[in-house]
file query_38.txt (compact mmCIF, C-alpha atoms and all ligand atoms)
# COMPACT_ATOMS: atom_id res chain seq x y z
CA MET A 1 0.00 0.00 0.00
CA ASN A 2 1.98 3.03 -1.23
CA GLN A 3 -0.77 5.65 -1.28
CA LYS A 4 -0.93 8.11 1.60
CA GLN A 5 -3.61 6.98 4.06
CA ARG A 6 -5.79 8.89 6.53
CA ILE A 7 -5.32 6.84 9.67
CA LEU A 8 -7.17 7.06 12.97
CA ILE A 9 -5.46 5.63 16.05
CA THR A 10 -7.70 5.37 19.10
CA GLY A 11 -5.68 5.27 22.31
CA GLY A 12 -2.95 6.89 20.23
CA ALA A 13 -1.26 8.61 23.17
CA GLY A 14 -0.64 5.34 25.01
CA PHE A 15 2.42 3.12 25.18
CA LEU A 16 1.81 1.30 21.89
CA GLY A 17 -0.35 3.97 20.24
CA SER A 18 2.17 6.80 20.57
CA GLN A 19 4.92 4.78 18.91
CA LEU A 20 2.50 3.74 16.17
CA CYS A 21 1.58 7.41 15.62
CA GLU A 22 5.29 8.21 15.33
CA MET A 23 5.90 5.41 12.79
CA LEU A 24 2.97 6.37 10.58
CA VAL A 25 3.66 10.11 10.74
CA ALA A 26 7.29 9.42 9.74
CA ARG A 27 6.03 7.35 6.82
CA GLY A 28 4.01 10.34 5.59
CA ASP A 29 0.45 9.23 6.36
CA ASP A 30 -2.15 11.63 7.79
CA VAL A 31 -2.57 10.50 11.38
CA ILE A 32 -5.39 11.40 13.76
CA CYS A 33 -4.80 10.37 17.36
CA ILE A 34 -7.74 10.26 19.73
CA ASP A 35 -7.31 9.65 23.42
CA ASN A 36 -8.98 10.49 26.73
CA PHE A 37 -5.59 10.35 28.53
CA PHE A 38 -6.84 7.93 31.15
CA THR A 39 -3.60 5.95 31.20
CA SER A 40 -1.35 8.20 29.16
CA GLN A 41 -0.28 11.77 28.92
CA LYS A 42 0.29 14.30 26.17
CA VAL A 43 4.05 14.08 26.61
CA ASN A 44 3.96 10.81 24.65
CA VAL A 45 2.86 12.62 21.49
CA ALA A 46 4.04 16.18 22.24
CA HIS A 47 6.91 15.82 19.76
CA LEU A 48 4.39 15.15 16.97
CA LEU A 49 2.12 18.16 17.58
CA ASP A 50 3.91 20.47 15.16
CA LYS A 51 3.88 17.94 12.30
CA PRO A 52 1.48 18.92 9.50
CA ASN A 53 0.30 15.31 9.14
CA PHE A 54 -0.57 14.76 12.82
CA GLU A 55 -3.68 15.78 14.72
CA LEU A 56 -4.53 15.13 18.38
CA ILE A 57 -8.14 15.04 19.60
CA ARG A 58 -9.09 14.60 23.26
CA HIS A 59 -12.07 12.30 22.97
CA ASP A 60 -13.57 9.33 24.78
CA ILE A 61 -14.19 6.41 22.44
CA ILE A 62 -17.39 5.37 24.22
CA VAL A 63 -18.89 8.44 22.46
CA PRO A 64 -19.27 8.27 18.64
CA ILE A 65 -17.07 10.54 16.55
CA TRP A 66 -17.57 11.73 12.97
CA LEU A 67 -14.35 11.62 10.92
CA GLU A 68 -13.29 10.66 7.41
CA VAL A 69 -10.53 8.04 7.46
CA ASP A 70 -9.16 5.10 5.45
CA GLN A 71 -7.82 3.00 8.32
CA ILE A 72 -8.51 2.69 12.05
CA TYR A 73 -6.27 1.09 14.65
CA ASN A 74 -8.51 0.56 17.70
CA LEU A 75 -6.10 0.62 20.63
CA ALA A 76 -8.14 2.59 23.18
CA CYS A 77 -8.45 0.53 26.35
CA PRO A 78 -6.56 0.43 29.63
CA ALA A 79 -4.22 -2.56 29.31
CA SER A 80 -2.58 -3.13 32.66
CA PRO A 81 -4.55 -5.08 35.30
CA CYS A 82 -4.50 -2.28 37.88
CA HIS A 83 -5.63 0.23 35.25
CA TYR A 84 -8.45 -1.86 33.84
CA GLN A 85 -9.63 -2.88 37.33
CA PHE A 86 -9.71 0.74 38.56
CA ASN A 87 -13.11 1.31 36.93
CA PRO A 88 -14.20 -2.08 35.55
CA ILE A 89 -17.51 -0.82 34.18
CA LYS A 90 -15.72 1.87 32.22
CA THR A 91 -13.30 -0.76 30.93
CA ILE A 92 -16.14 -2.87 29.51
CA LYS A 93 -17.78 0.23 28.05
CA THR A 94 -14.51 1.20 26.39
CA SER A 95 -14.11 -2.22 24.79
CA VAL A 96 -17.72 -2.75 23.77
CA MET A 97 -19.02 0.75 23.00
CA GLY A 98 -15.61 1.68 21.62
CA ALA A 99 -15.80 -1.27 19.23
CA ILE A 100 -19.34 -0.36 18.16
CA ASN A 101 -18.28 3.24 17.53
CA VAL A 102 -15.16 2.44 15.49
CA LEU A 103 -17.00 -0.25 13.54
CA GLY A 104 -19.82 2.19 12.75
CA LEU A 105 -17.25 4.72 11.63
CA ALA A 106 -15.46 2.12 9.50
CA LYS A 107 -18.74 1.05 7.95
CA ARG A 108 -19.71 4.62 7.01
CA CYS A 109 -16.24 5.50 5.66
CA ASN A 110 -15.57 2.13 4.09
CA ALA A 111 -12.41 2.08 6.18
CA ARG A 112 -10.35 -0.90 7.29
CA VAL A 113 -10.36 -1.35 11.07
CA LEU A 114 -7.93 -3.30 13.25
CA GLN A 115 -8.81 -4.44 16.76
CA ALA A 116 -6.06 -4.66 19.38
CA SER A 117 -7.29 -7.80 21.08
CA THR A 118 -5.33 -9.70 23.67
CA SER A 119 -4.01 -13.02 24.89
CA GLU A 120 -6.41 -12.45 27.80
CA VAL A 121 -9.19 -13.83 25.57
CA TYR A 122 -7.60 -17.20 26.46
CA GLY A 123 -7.93 -16.45 30.19
CA ASP A 124 -5.98 -18.92 32.34
CA PRO A 125 -5.32 -21.33 29.47
CA GLU A 126 -5.49 -25.13 29.63
CA VAL A 127 -3.87 -25.32 26.19
CA HIS A 128 -0.19 -24.51 25.94
CA PRO A 129 1.11 -22.77 23.91
CA GLN A 130 -2.05 -20.94 22.89
CA THR A 131 -3.26 -21.30 19.32
CA GLU A 132 -5.92 -19.09 17.78
CA ASN A 133 -8.50 -21.88 17.65
CA TYR A 134 -8.32 -22.40 21.43
CA ARG A 135 -11.49 -20.85 22.89
CA GLY A 136 -10.07 -19.93 26.24
CA SER A 137 -10.79 -20.33 29.92
CA VAL A 138 -12.03 -17.03 31.29
CA ASN A 139 -13.73 -16.56 34.64
CA PRO A 140 -16.65 -14.36 33.57
CA ILE A 141 -17.26 -13.01 37.08
CA GLY A 142 -13.68 -12.51 38.25
CA PRO A 143 -11.69 -9.28 38.59
CA ARG A 144 -10.05 -9.69 35.16
CA ALA A 145 -13.37 -10.28 33.39
CA CYS A 146 -14.04 -6.59 32.69
CA TYR A 147 -11.02 -6.66 30.39
CA ASP A 148 -11.10 -10.26 29.14
CA GLU A 149 -14.82 -10.40 28.43
CA GLY A 150 -14.84 -6.85 27.04
CA LYS A 151 -12.14 -7.85 24.55
CA ARG A 152 -13.97 -11.10 23.73
CA ALA A 153 -17.20 -9.18 23.08
CA ALA A 154 -15.25 -6.72 20.92
CA GLU A 155 -13.94 -9.63 18.81
CA THR A 156 -17.55 -10.83 18.41
CA LEU A 157 -18.65 -7.36 17.30
CA PHE A 158 -15.80 -7.17 14.80
CA MET A 159 -16.73 -10.56 13.32
CA GLU A 160 -20.44 -9.69 13.11
CA TYR A 161 -19.84 -6.32 11.44
CA HIS A 162 -17.62 -8.20 9.02
CA ARG A 163 -20.17 -10.94 8.31
CA MET A 164 -23.28 -8.73 8.24
CA ASN A 165 -21.95 -5.44 6.91
CA LYS A 166 -18.81 -6.53 5.06
CA VAL A 167 -16.67 -4.21 7.17
CA ASP A 168 -13.00 -4.81 6.36
CA ILE A 169 -11.61 -5.94 9.71
CA ARG A 170 -8.39 -7.24 11.22
CA ILE A 171 -8.04 -8.81 14.68
CA VAL A 172 -4.68 -9.22 16.41
CA ARG A 173 -4.30 -10.93 19.79
CA ILE A 174 -1.43 -9.18 21.49
CA PHE A 175 0.66 -11.00 24.10
CA ASN A 176 2.58 -9.15 26.85
CA THR A 177 4.45 -6.32 25.19
CA TYR A 178 7.00 -4.02 26.78
CA GLY A 179 9.38 -1.24 25.83
CA PRO A 180 10.13 2.45 26.15
CA ARG A 181 7.07 4.68 26.88
CA MET A 182 5.38 2.11 29.12
CA HIS A 183 3.74 4.07 31.88
CA PRO A 184 6.24 3.76 34.75
CA PHE A 185 3.39 3.40 37.25
CA ASP A 186 1.14 1.10 35.22
CA GLY A 187 1.76 -1.79 37.63
CA ARG A 188 2.80 -4.18 34.87
CA VAL A 189 5.58 -6.54 35.72
CA VAL A 190 8.27 -5.12 33.42
CA SER A 191 7.72 -1.50 34.44
CA ASN A 192 7.43 -2.39 38.13
CA PHE A 193 10.63 -4.45 38.15
CA ILE A 194 12.69 -1.88 36.25
CA ARG A 195 11.45 1.02 38.36
CA GLN A 196 12.04 -0.94 41.56
CA ALA A 197 15.53 -2.11 40.49
CA LEU A 198 16.63 1.41 39.53
CA ALA A 199 15.37 2.74 42.87
CA GLY A 200 17.14 -0.04 44.78
CA GLU A 201 13.79 -1.25 46.12
CA PRO A 202 12.75 -4.91 46.41
CA LEU A 203 11.28 -6.40 43.24
CA THR A 204 7.74 -7.50 44.09
CA ILE A 205 7.11 -11.00 42.80
CA PHE A 206 3.43 -11.92 43.09
CA GLY A 207 3.16 -15.51 44.31
CA ASP A 208 6.29 -17.65 44.05
CA GLY A 209 7.27 -16.31 40.62
CA SER A 210 6.81 -19.65 38.85
CA GLN A 211 4.02 -18.27 36.61
CA THR A 212 5.20 -17.60 33.08
CA ARG A 213 4.79 -14.90 30.47
CA SER A 214 6.26 -14.42 27.00
CA PHE A 215 7.42 -10.86 26.45
CA CYS A 216 7.41 -9.14 23.06
CA TYR A 217 9.40 -5.99 22.38
CA ARG A 218 7.23 -3.02 21.31
CA ASP A 219 8.78 -2.51 17.86
CA ASP A 220 8.35 -6.17 16.87
CA LEU A 221 4.70 -5.95 17.89
CA LEU A 222 4.06 -2.74 15.98
CA ASN A 223 5.69 -4.08 12.82
CA ALA A 224 3.33 -7.04 12.99
CA ILE A 225 0.17 -5.02 13.45
CA VAL A 226 1.06 -2.66 10.59
CA GLN A 227 1.73 -5.72 8.41
CA MET A 228 -1.61 -7.15 9.45
CA MET A 229 -3.41 -3.90 8.62
CA GLU A 230 -1.81 -3.81 5.19
CA ASN A 231 -2.20 -7.48 4.37
CA GLU A 232 -4.19 -7.80 1.15
CA SER A 233 -4.51 -11.60 1.11
CA GLY A 234 -7.97 -11.62 2.68
CA PHE A 235 -6.61 -12.85 6.01
CA ILE A 236 -8.47 -11.05 8.80
CA GLY A 237 -7.29 -12.99 11.84
CA PRO A 238 -7.55 -13.39 14.72
CA VAL A 239 -3.81 -13.83 14.81
CA ASN A 240 -1.51 -14.18 17.81
CA ILE A 241 1.26 -11.59 17.95
CA GLY A 242 3.92 -12.07 20.58
CA ASN A 243 7.31 -13.49 21.32
CA PRO A 244 7.11 -17.24 21.99
CA ASN A 245 10.13 -17.26 24.33
CA GLU A 246 8.62 -18.03 27.72
CA PHE A 247 10.10 -16.94 31.06
CA THR A 248 9.05 -17.35 34.66
CA ILE A 249 8.43 -14.11 36.51
CA ARG A 250 11.32 -15.01 38.81
CA GLU A 251 13.65 -15.34 35.80
CA LEU A 252 12.48 -11.91 34.64
CA ALA A 253 13.22 -10.40 38.06
CA GLU A 254 16.71 -11.92 38.08
CA LEU A 255 17.42 -10.63 34.57
CA VAL A 256 16.27 -7.10 35.44
CA ILE A 257 18.53 -7.12 38.52
CA GLU A 258 21.46 -8.29 36.40
CA LEU A 259 20.92 -5.75 33.58
CA THR A 260 20.40 -2.80 35.90
CA GLY A 261 23.33 -3.81 38.13
CA SER A 262 20.98 -3.25 41.04
CA SER A 263 21.49 -4.46 44.59
CA SER A 264 17.72 -4.92 44.99
CA GLN A 265 16.37 -8.05 46.61
CA ILE A 266 13.32 -10.04 45.56
CA ALA A 267 10.21 -9.92 47.77
CA GLU A 268 7.29 -12.33 47.37
CA THR A 269 3.78 -10.93 47.86
CA ASP A 270 0.26 -12.28 47.33
CA LEU A 271 -0.72 -13.64 43.94
CA PRO A 272 -3.71 -11.73 42.50
CA ILE A 273 -6.95 -13.67 41.89
CA ASP A 274 -7.23 -15.38 38.48
CA ASP A 275 -3.61 -14.59 37.59
CA PRO A 276 -2.90 -16.85 34.57
CA VAL A 277 -0.36 -19.56 35.35
CA ARG A 278 1.22 -19.86 31.92
CA ARG A 279 1.15 -17.85 28.75
CA GLN A 280 2.96 -18.45 25.49
CA PRO A 281 1.78 -17.63 21.99
CA ASP A 282 1.86 -20.13 19.17
CA ILE A 283 2.79 -17.79 16.33
CA SER A 284 2.69 -20.31 13.47
CA LEU A 285 -0.22 -18.45 11.87
CA ALA A 286 1.60 -15.08 11.96
CA ARG A 287 4.68 -16.76 10.49
CA GLU A 288 2.64 -18.32 7.71
CA LYS A 289 0.27 -15.47 6.83
CA LEU A 290 2.42 -12.42 7.54
CA GLN A 291 5.92 -13.90 7.24
CA TRP A 292 6.44 -12.23 10.61
CA GLN A 293 8.37 -13.26 13.66
CA PRO A 294 9.90 -11.25 16.49
CA THR A 295 13.54 -10.25 16.22
CA VAL A 296 14.34 -8.63 19.58
CA GLU A 297 15.29 -10.98 22.39
CA LEU A 298 14.25 -10.22 25.96
CA ARG A 299 17.75 -9.28 27.12
CA GLU A 300 18.17 -6.72 24.34
CA GLY A 301 14.65 -5.31 24.63
CA LEU A 302 14.92 -5.02 28.39
CA GLN A 303 18.23 -3.18 28.05
CA ARG A 304 16.62 -0.62 25.70
CA THR A 305 13.69 -0.26 28.11
CA ILE A 306 16.00 0.16 31.11
CA ASP A 307 17.98 2.83 29.21
CA TRP A 308 14.72 4.74 28.67
CA PHE A 309 13.65 4.39 32.31
CA ARG A 310 17.05 5.78 33.35
CA ILE A 311 16.53 9.05 31.47
CA ILE A 312 12.89 9.83 32.23
CA ASP A 313 11.84 12.04 35.11
CA LEU A 314 9.34 10.02 37.15
CA GLU A 315 7.88 13.22 38.57
CA HIS A 316 6.34 13.90 35.15
CA TYR A 317 4.29 10.70 35.35
CA GLN A 318 1.22 10.74 37.51
CA PRO A 319 -0.02 7.31 38.58
CA PRO A 320 -3.49 7.12 37.00
CA THR A 321 -4.70 4.84 39.78
CA PRO A 322 -3.67 4.29 43.38
CA ASN A 323 -3.06 0.60 42.67
CA PHE A 324 0.43 0.50 41.22
P1 LIG B 1 -1.98 2.04 27.31
O1 LIG B 1 -2.80 2.06 28.55
O2 LIG B 1 -0.63 2.68 27.36
O3 LIG B 1 -2.76 2.72 26.12
C1 LIG B 1 -4.15 2.75 26.02
C2 LIG B 1 -4.55 4.14 25.60
O4 LIG B 1 -5.98 4.20 25.46
C3 LIG B 1 -4.16 5.21 26.63
O5 LIG B 1 -3.58 6.30 26.00
C4 LIG B 1 -5.51 5.58 27.27
O6 LIG B 1 -5.52 6.89 27.78
C5 LIG B 1 -6.45 5.36 26.11
N1 LIG B 1 -7.84 5.14 26.50
C6 LIG B 1 -8.30 4.31 27.47
N2 LIG B 1 -9.64 4.36 27.51
C7 LIG B 1 -10.03 5.24 26.55
C8 LIG B 1 -11.29 5.72 26.11
N3 LIG B 1 -12.44 5.31 26.68
N4 LIG B 1 -11.31 6.61 25.09
C9 LIG B 1 -10.18 7.05 24.52
N5 LIG B 1 -8.96 6.63 24.90
C10 LIG B 1 -8.89 5.72 25.89
O7 LIG B 1 -1.87 0.53 26.86
P2 LIG B 1 -1.08 -0.15 25.65
O8 LIG B 1 -0.18 -1.16 26.25
O9 LIG B 1 -0.52 0.87 24.74
O10 LIG B 1 -2.25 -0.96 24.94
C11 LIG B 1 -2.85 -0.54 23.73
C12 LIG B 1 -3.87 -1.57 23.29
O11 LIG B 1 -3.23 -2.84 23.09
C13 LIG B 1 -4.98 -1.80 24.31
O12 LIG B 1 -6.20 -1.95 23.63
C14 LIG B 1 -4.60 -3.09 24.97
O13 LIG B 1 -5.71 -3.79 25.45
C15 LIG B 1 -3.90 -3.83 23.84
N6 LIG B 1 -2.95 -4.82 24.37
C16 LIG B 1 -1.76 -4.42 24.92
C17 LIG B 1 -0.92 -5.36 25.47
C18 LIG B 1 0.41 -5.00 26.07
O14 LIG B 1 1.09 -5.88 26.60
N7 LIG B 1 0.85 -3.76 26.02
C19 LIG B 1 -1.28 -6.72 25.45
C20 LIG B 1 -2.50 -7.09 24.91
C21 LIG B 1 -3.33 -6.13 24.35
N1 LIG B 2 3.66 -9.51 38.57
C1 LIG B 2 4.59 -9.61 39.58
N2 LIG B 2 5.04 -8.47 40.19
C2 LIG B 2 4.61 -7.23 39.81
C3 LIG B 2 3.67 -7.13 38.76
C4 LIG B 2 3.21 -8.29 38.17
O1 LIG B 2 5.01 -10.70 39.96
O2 LIG B 2 5.08 -6.24 40.40
C5 LIG B 2 3.21 -10.75 37.90
C6 LIG B 2 1.71 -10.89 37.77
O3 LIG B 2 1.15 -11.51 38.90
C7 LIG B 2 1.62 -11.75 36.52
C8 LIG B 2 2.82 -11.36 35.70
O4 LIG B 2 3.72 -10.72 36.60
O5 LIG B 2 1.74 -13.12 36.88
C9 LIG B 2 2.50 -10.39 34.57
O6 LIG B 2 1.74 -9.34 35.12
P1 LIG B 2 1.30 -8.06 34.27
O7 LIG B 2 0.44 -7.24 35.16
O8 LIG B 2 2.50 -7.41 33.67
O9 LIG B 2 0.47 -8.65 33.04
P2 LIG B 2 -0.62 -9.81 32.86
O10 LIG B 2 0.04 -10.74 31.91
O11 LIG B 2 -0.91 -10.48 34.16
O12 LIG B 2 -1.80 -9.11 32.29

call {"tool": "encode", "arguments": {"input": "query_38.txt", "output": "structure tokens"}}
result
Amino acid sequence: MNQKQRILITGGAGFLGSQLCEMLVARGDDVICIDNFFTSQKVNVAHLLDKPNFELIRHDIIVPIWLEVDQIYNLACPASPCHYQFNPIKTIKTSVMGAINVLGLAKRCNARVLQASTSEVYGDPEVHPQTENYRGSVNPIGPRACYDEGKRAAETLFMEYHRMNKVDIRIVRIFNTYGPRMHPFDGRVVSNFIRQALAGEPLTIFGDGSQTRSFCYRDDLLNAIVQMMENESGFIGPVNIGNPNEFTIRELAELVIELTGSSSQIAETDLPIDDPVRRQPDISLAREKLQWQPTVELREGLQRTIDWFRIIDLEHYQPPTPNF
């Protein structure tokens, strides 16, 4: 796709969205970023504000918006457990009403729309690694359900708009992603551990640290979702995007201590309810359909993330919730 596109990015001031805005602005597309700044701040996109092909709109995606665009990346949604559990009803509204609003917009404009779904649609999985045809094991009444079920309902809405209204959709299921511009107080494991290690504080392992995650570096993830958006083969997903290298949370803590050269200790605290035990993407489908695979190993990606955490001023970041 060589023609200049008008691209809407919802949640465009967030961790992933702001880097996506930067990539697409640099490529020469016309980018509209909408965000309500619940879990982000303007500083993430401040450097783009004077670009002629970038526009920032403060807007909440649960309210419809009238725009003319060719592509929509629907990223608006709090992503970290303490953010999405802060106001669970708002989280479901953001996923469900947000999906309805972007799908309606896509239908009217004949735009292509990509949904940032999540590995959380698999819940606490009994199938390992997780393939796209696994239907998941989500507790529908637990504290993670506002996010997991909201994202599952959003996938349903995307499929139904596609089947009924021929809306041109893409669905990507994103596995744990990390990198520069993560909110330092988002409570996610990578940001917590790096912040704690740099401050010489104990790294808080929830439970005994034997639970696993597979961490994907931000740039690998973004390359995949842009490829998915631009794929013309008729493949709409859902497709897993993540790094299949699996680590225990204790291994992650030890690696962060090593890379930061910190003298921090490790402290075990309570494991949150419904915390998934294992998570690893099977990315065979992404390899086959997109010829994509991640290129940045955890050690290298963590080093880049640590370098960024070293230069930021934490006083500029307000914790959006008291739960970090
Ligand atoms: P983030 O919290 O940094 O970004 C989300 C952005 O959406 C923020 O800027 C926030 O202010 C905005 N937002 C939230 N609710 C909104 C609303 N109602 N209206 C408008 N804007 C709203 O998180 P992220 O890590 O950049 O995640 C981006 C997307 O990717 C999310 O949809 C998330 O569910 C998905 N995802 C991320 C990960 C990951 O590991 N980072 C994993 C799976 C899925
Ligand atoms: N975790 C941890 N210490 C922290 C934050 C998180 O041990 O300070 C654990 C958490 O219990 C989970 C894993 O790290 O098992 C990943 O948590 P995160 O919130 O980053 O993402 P999740 O994959 O659970 O959505």

call {"tool": "residues_around", "arguments": {"input": "query_38.txt", "residues": "range 302-316 of chain A", "least_positions_apart": "3", "cutoff": "9 Å", "atoms": "all atoms listed in the file", "output": "number ranges by chain"}}
result
A: 43, 178-182, 184-185, 190-191, 194-195, 198, 217, 255-256, 259-260, 297-299

call {"tool": "closest_residue", "arguments": {"input": "query_38.txt", "among": "A:Cys82, A:Val127, A:Ile171, A:Ala111", "to": "ligand LIG 2 (chain B)", "atoms": "only C-alpha atoms and all ligand atoms"}}
result
A:Cys82

call {"tool": "closest_residue", "arguments": {"input": "query_38.txt", "among": "A:Pro140, A:Gly104, A:Pro319, A:Gly234", "to": "ligand LIG 1 (chain B)", "atoms": "all atoms listed in the file"}}
result
A:Pro319

call {"tool": "residues_around", "arguments": {"input": "query_38.txt", "residues": "Leu271 in chain A", "least_positions_apart": "6", "cutoff": "10 Å", "atoms": "all atoms listed in the file", "output": "list in words"}}
result
Ile205, Phe206, Gly207, Asp208, Gly209 and Gln211 of chain A

call {"tool": "atom_distance", "arguments": {"input": "query_38.txt", "atom1": "CA of Pro276 in chain A", "atom2": "CA of Val172 in chain A"}}
result
19.8 Å

call {"tool": "closest_atom_pairs", "arguments": {"input": "query_38.txt", "of": "range 192-302 of chain A", "to": "range 114-125 of chain A", "cutoff": "9 Å", "atoms": "only C-alpha atoms", "output": "JSON lines"}}
result
{"residue": "A:Ile225", "atom": "CA", "partner": "A:Leu114", "partner_atom": "CA", "distance": 8.3}
{"residue": "A:Met228", "atom": "CA", "partner": "A:Leu114", "partner_atom": "CA", "distance": 8.3}
{"residue": "A:Met229", "atom": "CA", "partner": "A:Leu114", "partner_atom": "CA", "distance": 6.5}
{"residue": "A:Ile236", "atom": "CA", "partner": "A:Leu114", "partner_atom": "CA", "distance": 9.0}
{"residue": "A:Pro238", "atom": "CA", "partner": "A:Ser117", "partner_atom": "CA", "distance": 8.5}
{"residue": "A:Asn240", "atom": "CA", "partner": "A:Ser119", "partner_atom": "CA", "distance": 7.6}
{"residue": "A:Ile241", "atom": "CA", "partner": "A:Ser119", "partner_atom": "CA", "distance": 8.8}
{"residue": "A:Asp274", "atom": "CA", "partner": "A:Asp124", "partner_atom": "CA", "distance": 7.2}
{"residue": "A:Asp275", "atom": "CA", "partner": "A:Asp124", "partner_atom": "CA", "distance": 7.2}
{"residue": "A:Pro276", "atom": "CA", "partner": "A:Asp124", "partner_atom": "CA", "distance": 4.3}
{"residue": "A:Val277", "atom": "CA", "partner": "A:Asp124", "partner_atom": "CA", "distance": 6.4}
{"residue": "A:Arg278", "atom": "CA", "partner": "A:Pro125", "partner_atom": "CA", "distance": 7.1}
{"residue": "A:Arg279", "atom": "CA", "partner": "A:Pro125", "partner_atom": "CA", "distance": 7.4}
{"residue": "A:Gln280", "atom": "CA", "partner": "A:Ser119", "partner_atom": "CA", "distance": 8.9}
{"residue": "A:Pro281", "atom": "CA", "partner": "A:Ser119", "partner_atom": "CA", "distance": 7.9}

call {"tool": "write_last_selection", "arguments": {"input": "query_38.txt", "atoms": "C-alpha atoms", "output": "JSON list (two decimals), in the frame of the given file"}}
result
[["chain", "number", "residue", "atom", "x", "y", "z"],
["A", 225, "ILE", "CA", 0.17, -5.02, 13.45],
["A", 228, "MET", "CA", -1.61, -7.15, 9.45],
["A", 229, "MET", "CA", -3.41, -3.90, 8.62],
["A", 236, "ILE", "CA", -8.47, -11.05, 8.80],
["A", 238, "PRO", "CA", -7.55, -13.39, 14.72],
["A", 240, "ASN", "CA", -1.51, -14.18, 17.81],
["A", 241, "ILE", "CA", 1.26, -11.59, 17.95],
["A", 274, "ASP", "CA", -7.23, -15.38, 38.48],
["A", 275, "ASP", "CA", -3.61, -14.59, 37.59],
["A", 276, "PRO", "CA", -2.90, -16.85, 34.57],
["A", 277, "VAL", "CA", -0.36, -19.56, 35.35],
["A", 278, "ARG", "CA", 1.22, -19.86, 31.92],
["A", 279, "ARG", "CA", 1.15, -17.85, 28.75],
["A", 280, "GLN", "CA", 2.96, -18.45, 25.49],
["A", 281, "PRO", "CA", 1.78, -17.63, 21.99]]

call {"tool": "closest_residue", "arguments": {"input": "query_38.txt", "among": "A:Gly98, A:Pro294, A:Pro244, A:Gly150", "to": "Arg213 in chain A", "atoms": "all atoms listed in the file"}}
result
A:Pro244

call {"tool": "residues_near_ligand", "arguments": {"input": "query_38.txt", "ligand": "ligand LIG 1 (chain B)", "cutoff": "6 Å", "atoms": "only C-alpha atoms and all ligand atoms", "output": "JSON list (two decimals) with C-alpha atoms, in the coordinates of the input"}}
result
[["chain", "number", "residue", "atom", "x", "y", "z"],
["A", 11, "GLY", "CA", -5.68, 5.27, 22.31],
["A", 12, "GLY", "CA", -2.95, 6.89, 20.23],
["A", 13, "ALA", "CA", -1.26, 8.61, 23.17],
["A", 14, "GLY", "CA", -0.64, 5.34, 25.01],
["A", 15, "PHE", "CA", 2.42, 3.12, 25.18],
["A", 16, "LEU", "CA", 1.81, 1.30, 21.89],
["A", 17, "GLY", "CA", -0.35, 3.97, 20.24],
["A", 35, "ASP", "CA", -7.31, 9.65, 23.42],
["A", 36, "ASN", "CA", -8.98, 10.49, 26.73],
["A", 37, "PHE", "CA", -5.59, 10.35, 28.53],
["A", 38, "PHE", "CA", -6.84, 7.93, 31.15],
["A", 39, "THR", "CA", -3.60, 5.95, 31.20],
["A", 40, "SER", "CA", -1.35, 8.20, 29.16],
["A", 59, "HIS", "CA", -12.07, 12.30, 22.97],
["A", 60, "ASP", "CA", -13.57, 9.33, 24.78],
["A", 61, "ILE", "CA", -14.19, 6.41, 22.44],
["A", 62, "ILE", "CA", -17.39, 5.37, 24.22],
["A", 75, "LEU", "CA", -6.10, 0.62, 20.63],
["A", 76, "ALA", "CA", -8.14, 2.59, 23.18],
["A", 77, "CYS", "CA", -8.45, 0.53, 26.35],
["A", 78, "PRO", "CA", -6.56, 0.43, 29.63],
["A", 79, "ALA", "CA", -4.22, -2.56, 29.31],
["A", 94, "THR", "CA", -14.51, 1.20, 26.39],
["A", 116, "ALA", "CA", -6.06, -4.66, 19.38],
["A", 117, "SER", "CA", -7.29, -7.80, 21.08],
["A", 118, "THR", "CA", -5.33, -9.70, 23.67],
["A", 174, "ILE", "CA", -1.43, -9.18, 21.49],
["A", 175, "PHE", "CA", 0.66, -11.00, 24.10],
["A", 176, "ASN", "CA", 2.58, -9.15, 26.85],
["A", 177, "THR", "CA", 4.45, -6.32, 25.19]]

call {"tool": "atom_distance", "arguments": {"input": "query_38.txt", "atom1": "CA of Leu222 in chain A", "atom2": "CA of Glu22 in chain A"}}
result
11.0 Å

call {"tool": "axis_aligned_box", "arguments": {"input": "query_38.txt", "around": "ligand LIG 2 (chain B)", "padding_each_side": "6 Å", "output": "JSON"}}
result
{"center_x": 1.6, "center_y": -9.7, "center_z": 36.2, "size_x": 18.9, "size_y": 18.9, "size_z": 20.5}

call {"tool": "atom_distance", "arguments": {"input": "query_38.txt", "atom1": "CA of Leu285 in chain A", "atom2": "CA of Asp220 in chain A"}}
result
15.8 Å

call {"tool": "closest_residue", "arguments": {"input": "query_38.txt", "among": "A:Ser18, A:Asp270, A:Gly237, A:Val296", "to": "Asn133 in chain A", "atoms": "only C-alpha atoms"}}
result
A:Gly237
